[in-house]
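*Asks:* Sharing coords_22.csv (CSV, C-alpha atoms) below.
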```
chain,number,residue,atom,x,y,z
A,10,MET,CA,-4.2,-15.2,-12.0
A,11,VAL,CA,-2.0,-14.8,-9.0
A,12,LEU,CA,-1.7,-11.3,-7.6
A,13,ASN,CA,1.4,-10.5,-5.7
A,14,PRO,CA,2.4,-6.9,-5.3
A,15,ALA,CA,6.0,-7.9,-4.6
A,16,HIS,CA,6.4,-10.3,-7.6
A,17,ALA,CA,4.2,-8.7,-10.2
A,18,SER,CA,5.2,-9.5,-13.8
A,19,ARG,CA,6.6,-6.9,-16.0
A,20,ARG,CA,3.3,-6.7,-18.0
A,21,GLU,CA,1.3,-6.4,-14.8
A,22,ALA,CA,3.6,-3.8,-13.4
A,23,LEU,CA,3.4,-1.8,-16.6
A,24,GLY,CA,-0.4,-2.1,-16.6
A,25,LEU,CA,-0.6,-0.9,-13.0
A,26,ALA,CA,1.7,2.0,-13.8
A,27,ALA,CA,-0.5,3.0,-16.7
A,28,ILE,CA,-3.6,2.9,-14.5
A,29,ALA,CA,-1.8,4.8,-11.8
A,30,GLY,CA,-0.8,7.4,-14.3
A,31,LEU,CA,-4.3,7.8,-15.6
A,32,ALA,CA,-5.6,8.1,-12.1
A,33,ALA,CA,-3.1,10.7,-11.4
A,34,ILE,CA,-4.4,12.8,-14.3
A,35,LEU,CA,-8.0,12.3,-13.3
A,36,ALA,CA,-7.5,13.0,-9.6
A,37,PRO,CA,-4.5,15.2,-9.0
A,38,ARG,CA,-5.0,15.1,-5.2
A,39,MET,CA,-4.7,11.3,-5.1
A,40,SER,CA,-2.3,10.5,-2.2
A,41,PHE,CA,0.0,7.7,-3.0
A,42,ALA,CA,1.3,7.8,0.5
A,43,THR,CA,-1.6,5.8,1.8
A,44,GLU,CA,-1.4,3.4,-1.1
A,45,LYS,CA,1.9,2.3,0.4
A,46,MET,CA,0.3,2.3,3.8
A,47,VAL,CA,-2.3,-0.2,2.5
A,48,THR,CA,0.5,-2.5,1.1
A,49,ASP,CA,2.4,-2.2,4.4
A,50,GLU,CA,-0.8,-3.0,6.4
A,51,ILE,CA,-1.4,-6.1,4.3
A,52,LYS,CA,2.3,-7.1,4.7
A,53,LYS,CA,1.9,-6.8,8.4
A,54,LEU,CA,-1.1,-9.1,8.4
A,55,TYR,CA,0.1,-11.7,5.9
A,56,GLY,CA,3.7,-11.1,5.1
A,57,ASP,CA,4.7,-11.9,1.5
A,58,LYS,CA,2.0,-14.5,0.8
A,59,THR,CA,0.4,-14.5,-2.5
A,60,PHE,CA,-3.2,-13.5,-3.2
A,61,GLU,CA,-5.6,-15.2,-5.7
A,62,SER,CA,-8.3,-13.3,-7.5
A,63,GLY,CA,-11.9,-14.4,-7.6
A,64,LYS,CA,-14.3,-15.6,-4.9
A,65,ILE,CA,-14.7,-12.0,-3.6
A,66,LYS,CA,-17.6,-9.9,-4.7
A,67,LEU,CA,-16.7,-6.4,-3.6
A,68,ASP,CA,-19.8,-4.2,-4.2
A,69,VAL,CA,-19.1,-0.5,-4.1
A,70,PRO,CA,-20.7,2.3,-6.2
A,71,GLU,CA,-18.8,3.4,-9.2
A,72,ILE,CA,-19.5,7.0,-8.4
A,73,ALA,CA,-20.2,8.2,-4.9
A,74,GLU,CA,-21.7,11.6,-4.7
A,75,ASN,CA,-21.2,11.9,-1.0
A,76,GLY,CA,-17.9,10.6,0.3
A,77,LEU,CA,-19.3,10.7,3.9
A,78,VAL,CA,-21.6,7.7,3.3
A,79,VAL,CA,-20.5,5.2,0.8
A,80,PRO,CA,-22.1,1.8,1.0
A,81,VAL,CA,-19.7,-1.2,0.8
A,82,ASN,CA,-20.9,-4.8,0.6
A,83,VAL,CA,-18.5,-7.7,0.6
A,84,GLU,CA,-19.5,-11.2,-0.3
A,85,VAL,CA,-17.1,-14.2,-0.4
A,86,GLU,CA,-18.0,-17.4,-2.1
A,87,SER,CA,-17.8,-20.2,0.4
A,88,PRO,CA,-19.8,-23.2,1.7
A,89,MET,CA,-19.3,-21.9,5.2
A,90,THR,CA,-18.9,-25.3,6.8
A,91,GLU,CA,-16.6,-26.1,9.8
A,92,ALA,CA,-14.0,-27.5,7.3
A,93,ASP,CA,-14.2,-24.8,4.7
A,94,HIS,CA,-15.2,-21.3,5.6
A,95,VAL,CA,-14.2,-17.7,5.4
A,96,LYS,CA,-12.2,-16.7,8.5
A,97,SER,CA,-11.7,-13.0,8.1
A,98,VAL,CA,-12.2,-10.2,5.6
A,99,HIS,CA,-10.3,-6.9,5.6
A,100,VAL,CA,-11.3,-3.8,3.7
A,101,PHE,CA,-8.7,-1.0,3.0
A,102,ALA,CA,-8.9,2.4,1.3
A,103,GLU,CA,-6.0,3.6,-0.7
A,104,GLY,CA,-6.8,7.3,-0.6
A,105,ASN,CA,-7.9,8.0,2.9
A,106,PRO,CA,-5.7,9.5,5.7
A,107,LEU,CA,-5.7,6.1,7.4
A,108,PRO,CA,-5.7,2.8,5.4
A,109,GLY,CA,-8.1,0.6,7.4
A,110,VAL,CA,-11.8,0.6,6.8
A,111,VAL,CA,-13.2,-2.5,8.4
A,112,SER,CA,-12.2,-6.1,9.5
A,113,TYR,CA,-14.7,-8.8,9.7
A,114,LYS,CA,-14.5,-12.2,11.5
A,115,PHE,CA,-16.9,-14.8,10.2
A,116,THR,CA,-17.9,-18.1,11.7
A,117,PRO,CA,-19.6,-21.1,10.1
A,118,ALA,CA,-22.7,-20.1,12.0
A,119,CYS,CA,-23.0,-17.1,9.6
A,120,GLY,CA,-24.1,-19.4,6.8
A,121,LYS,CA,-23.0,-16.9,4.3
A,122,ALA,CA,-19.9,-14.7,4.3
A,123,SER,CA,-21.5,-11.4,3.4
A,124,ALA,CA,-21.6,-8.1,5.3
A,125,SER,CA,-22.5,-4.5,4.5
A,126,THR,CA,-21.6,-1.3,6.1
A,127,ARG,CA,-21.1,2.4,5.1
A,128,MET,CA,-17.7,4.1,4.9
A,129,ARG,CA,-16.2,7.6,4.5
A,130,LEU,CA,-13.9,8.2,1.5
A,131,ALA,CA,-11.7,11.3,1.3
A,132,GLU,CA,-11.4,11.3,-2.5
A,133,THR,CA,-11.5,9.2,-5.6
A,134,GLN,CA,-9.6,6.0,-4.8
A,135,ASN,CA,-9.2,2.2,-4.9
A,136,ILE,CA,-10.8,0.0,-2.3
A,137,VAL,CA,-8.9,-3.2,-1.6
A,138,CYS,CA,-10.5,-6.2,0.0
A,139,ILE,CA,-8.7,-9.3,1.3
A,140,ALA,CA,-10.4,-12.6,2.4
A,141,GLU,CA,-8.7,-15.3,4.5
A,142,MET,CA,-10.1,-18.8,4.2
A,143,SER,CA,-10.0,-21.4,6.8
A,144,ASN,CA,-7.5,-23.4,4.7
A,145,GLY,CA,-5.1,-20.4,4.7
A,146,LYS,CA,-5.8,-19.4,1.2
A,147,LEU,CA,-5.9,-15.6,0.5
A,148,HIS,CA,-8.0,-13.8,-2.0
A,149,MET,CA,-7.9,-10.2,-3.1
A,150,ALA,CA,-10.2,-7.9,-4.9
A,151,LYS,CA,-10.0,-4.2,-5.9
A,152,ALA,CA,-12.6,-1.6,-6.9
A,153,ASN,CA,-12.4,2.0,-7.8
A,154,VAL,CA,-14.8,4.6,-6.4
A,155,LYS,CA,-15.1,8.1,-7.9
A,156,VAL,CA,-15.9,10.5,-5.1
A,157,THR,CA,-17.6,13.8,-5.9
A,158,ILE,CA,-17.5,15.4,-2.5
A,159,GLY,CA,-14.9,14.1,-0.1
A,160,GLY,CA,-15.8,12.8,3.3
A,161,CYS,CA,-13.0,14.3,5.5
A,162,GLY,CA,-14.3,17.7,6.6
A,163,GLY,CA,-13.5,19.0,3.1
B,1,MET,CA,-23.8,15.5,20.4
B,2,ALA,CA,-24.5,14.5,23.9
B,3,THR,CA,-27.3,12.0,23.4
B,4,LYS,CA,-26.6,8.4,24.3
B,5,PRO,CA,-26.1,6.2,21.3
B,6,THR,CA,-29.3,4.2,20.6
B,7,PRO,CA,-28.9,0.9,18.8
B,8,ARG,CA,-31.5,-0.3,16.4
B,9,VAL,CA,-31.5,-3.9,15.2
B,10,ARG,CA,-33.7,-5.7,12.7
B,11,VAL,CA,-33.9,-9.5,13.2
B,12,PRO,CA,-36.8,-11.6,12.0
B,13,ALA,CA,-38.7,-12.9,15.0
B,14,GLN,CA,-39.1,-16.4,13.6
B,15,ALA,CA,-37.1,-18.6,11.2
B,16,LYS,CA,-37.1,-22.2,10.0
B,17,PRO,CA,-34.2,-24.4,10.9
B,18,GLY,CA,-31.4,-23.9,8.5
B,19,GLU,CA,-32.9,-20.7,7.1
B,20,LEU,CA,-30.5,-17.9,6.3
B,21,ILE,CA,-31.5,-14.7,7.9
B,22,GLU,CA,-30.1,-11.2,7.4
B,23,ILE,CA,-29.5,-9.1,10.5
B,24,LYS,CA,-29.4,-5.3,10.1
B,25,THR,CA,-28.1,-3.1,12.7
B,26,LEU,CA,-27.7,0.7,13.1
B,27,ILE,CA,-26.5,2.8,16.0
B,28,SER,CA,-26.6,6.5,16.5
B,29,HIS,CA,-23.0,7.7,17.0
B,30,GLU,CA,-21.1,10.6,15.5
B,31,MET,CA,-17.9,8.4,14.9
B,32,GLU,CA,-15.5,11.4,15.4
B,33,SER,CA,-12.6,10.4,13.1
B,34,GLY,CA,-9.8,12.2,14.9
B,35,GLN,CA,-8.9,13.9,11.5
B,36,ARG,CA,-11.2,16.9,11.8
B,37,LYS,CA,-10.1,20.3,13.0
B,38,ASP,CA,-12.4,22.6,15.0
B,39,ALA,CA,-12.9,26.4,14.4
B,40,ALA,CA,-9.8,27.1,16.5
B,41,GLY,CA,-7.7,24.8,14.3
B,42,LYS,CA,-7.3,22.2,17.0
B,43,THR,CA,-7.7,18.6,16.1
B,44,VAL,CA,-10.9,17.1,17.4
B,45,PRO,CA,-10.0,13.9,19.4
B,46,ARG,CA,-11.0,10.6,17.9
B,47,LYS,CA,-14.0,8.9,19.4
B,48,ILE,CA,-15.5,6.1,17.5
B,49,ILE,CA,-17.1,2.7,18.1
B,50,ASN,CA,-14.2,0.4,17.3
B,51,LYS,CA,-15.9,-2.9,17.6
B,52,PHE,CA,-19.2,-4.6,16.9
B,53,ILE,CA,-19.8,-8.1,18.2
B,54,ALA,CA,-22.8,-10.3,17.6
B,55,ALA,CA,-23.3,-13.4,19.8
B,56,PHE,CA,-26.0,-16.0,19.8
B,57,ASN,CA,-26.7,-17.8,23.1
B,58,GLY,CA,-23.4,-16.5,24.3
B,59,LYS,CA,-21.3,-17.7,21.4
B,60,ILE,CA,-19.8,-15.2,19.1
B,61,VAL,CA,-21.0,-15.5,15.5
B,62,PHE,CA,-19.8,-12.4,13.8
B,63,GLU,CA,-17.4,-9.6,14.6
B,64,ALA,CA,-16.5,-6.3,12.9
B,65,GLU,CA,-13.6,-4.0,13.8
B,66,TRP,CA,-14.4,-0.5,12.7
B,67,ASN,CA,-11.8,2.1,11.8
B,68,PRO,CA,-12.3,5.9,11.6
B,69,ALA,CA,-13.3,5.4,8.0
B,70,ILE,CA,-16.7,4.1,9.0
B,71,SER,CA,-19.5,6.6,8.5
B,72,ALA,CA,-21.4,8.3,11.4
B,73,ASN,CA,-24.4,6.4,12.7
B,74,PRO,CA,-22.7,3.1,11.6
B,75,TYR,CA,-24.7,0.5,9.8
B,76,GLN,CA,-23.8,-3.1,9.8
B,77,SER,CA,-25.5,-6.1,8.3
B,78,PHE,CA,-24.6,-9.7,8.1
B,79,PHE,CA,-26.1,-13.2,7.8
B,80,TYR,CA,-26.9,-15.9,10.3
B,81,LYS,CA,-28.0,-19.5,9.7
B,82,ALA,CA,-30.8,-20.3,12.1
B,83,SER,CA,-30.5,-23.5,14.0
B,84,GLU,CA,-32.1,-23.2,17.4
B,85,THR,CA,-34.3,-20.9,19.4
B,86,GLY,CA,-32.3,-18.4,21.4
B,87,GLU,CA,-31.2,-14.8,21.9
B,88,PHE,CA,-28.8,-12.5,20.0
B,89,THR,CA,-26.6,-10.2,22.0
B,90,PHE,CA,-25.2,-7.3,20.0
B,91,THR,CA,-22.4,-5.3,21.6
B,92,TRP,CA,-20.9,-2.0,20.4
B,93,LYS,CA,-17.6,-1.0,22.0
B,94,ASP,CA,-16.8,2.7,22.2
B,95,ASP,CA,-13.3,4.2,22.3
B,96,ASP,CA,-14.2,5.7,25.8
B,97,GLY,CA,-14.7,2.2,27.2
B,98,SER,CA,-18.5,2.2,27.2
B,99,ASP,CA,-20.5,-0.7,25.8
B,100,TYR,CA,-23.8,-0.4,24.1
B,101,VAL,CA,-25.9,-3.6,24.2
B,102,ALA,CA,-29.0,-4.8,22.4
B,103,THR,CA,-30.7,-8.2,22.6
B,104,ASN,CA,-33.1,-9.9,20.3
B,105,LYS,CA,-35.0,-13.1,20.6
B,106,LEU,CA,-35.2,-15.6,17.7
B,107,THR,CA,-37.6,-18.4,17.6
B,108,VAL,CA,-36.7,-21.3,15.4
B,109,ALA,CA,-39.6,-23.7,14.5
```
When written as structure tokens, how does the structure in this file appear?

*Replies:*
Amino acid sequence: MVLNPAHASRREALGLAAIAGLAAILAPRMSFATEKMVTDEIKKLYGDKTFESGKIKLDVPEIAENGLVVPVNVEVESPMTEADHVKSVHVFAEGNPLPGVVSYKFTPACGKASASTRMRLAETQNIVCIAEMSNGKLHMAKANVKVTIGGCGG
Amino acid sequence: MATKPTPRVRVPAQAKPGELIEIKTLISHEMESGQRKDAAGKTVPRKIINKFIAAFNGKIVFEAEWNPAISANPYQSFFYKASETGEFTFTWKDDDGSDYVATNKLTVA
């Protein structure tokens, strides 16, 4: 499946709208402003290029009790050779005051494109992860995290 | 918090050639996001570590750019494929311009 926010099919668009509507009911404080900021940020990096799904394993908890410390592990399938490796990985949060979380730069010396860190999440939201391969291919993955206690001084 | 950030790194001391090792790092830092307000209602200025760089024998192997969304006392782990004996240099770059550095030796046999 090819994921492109700009050219999503009608069915995909409807599906996304349904999910968004459901999320709005579940989390009334969900800010859609930063969702656009994430899209803009991705546009800034990669323009209108299309994203493929798969390859990325975005590991985040389904429910985070404490939004101040949410573990996030990203693993991208790749042989990590000079000719074929993962160049960079970006992680964005759709419901935080600022869209960016972390950007990684991998080299073939890593042997495995996998990294873990811990992030702050203000509220229940989607985490978006983008991986750029050495051959220019782009992959995208999304995951939802339910946050019980927000991590922004709340 | 006025204490100087202390990095803690876990790297295996030895590895076989071609072995995949996991490197785990932690540094004490409050990672002030620039979003919080103090008791007087004034915004607390941002002060975070914005970059983490791992180099082996002077060559950069892994980099992470951190945003204010990274938790206090940031943790970072990644992998490295051991090939030769040498030394890791880990650098954390603070918003205020300071660098925090840690080094670790790795013996490959």

*Asks:* Using all atoms listed in the file, which residues sit within 9 Å of Gly86 in chain B once same-chain residues fewer than 2 positions away are excluded, as a count of residues only?

*Replies:* 9

*Asks:* Which neighbours of Cys119 in chain A fall inside 12 Å, counting all atoms listed in the file, when residues of the same chain fewer than 4 positions from it are skipped, and could you give them as a PyMOL selection string?

*Replies:* (chain A and resi 85+87-91+94-96+113-115+123-124) or (chain B and resi 18-23+54-56+59-63+77-83)

*Asks:* With distances taken over only C-alpha atoms, which residue among B:Thr103, B:Ser98, B:Thr43, B:Ser33 lies nearest chain A?

*Replies:*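 Residue with the minimum atom-to-atom distance to chain A: B:Ser33.
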
*Asks:* Write out as a list in words each polymer residue whose atoms come within 9 Å of Ser28 in chain B, counting all atoms listed in the file; drop sequence neighbours fewer than 2 positions from it.

*Replies:*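 That gives Thr3, Lys4, Pro5, Thr6, Pro7, Arg8, Leu26, Glu30, Ala72, Asn73 and Pro74 of chain B.
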
*Asks:* Distance cut-off 8 Å, counting all atoms listed in the file - which residues of chain A neighbour chain B? Return them as an MDAnalysis selection string.

*Replies:* chainID A and resid 77:79 105:107 109:130 161:162

*Asks:* Could you jot down the CA of Thr133 in chain A to CA of Asn75 in chain A separation for me, Å, one decimal place?

*Replies:*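 Between CA of Thr133 in chain A and CA of Asn75 in chain A the gap is 11.1 Å.
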
*Asks:* Suppose you want the space between CA of Ala92 in chain A and CA of Ala140 in chain A; what is it in Å?

*Replies:*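 One can read the CA of Ala92 in chain A to CA of Ala140 in chain A distance as 16.1 Å.
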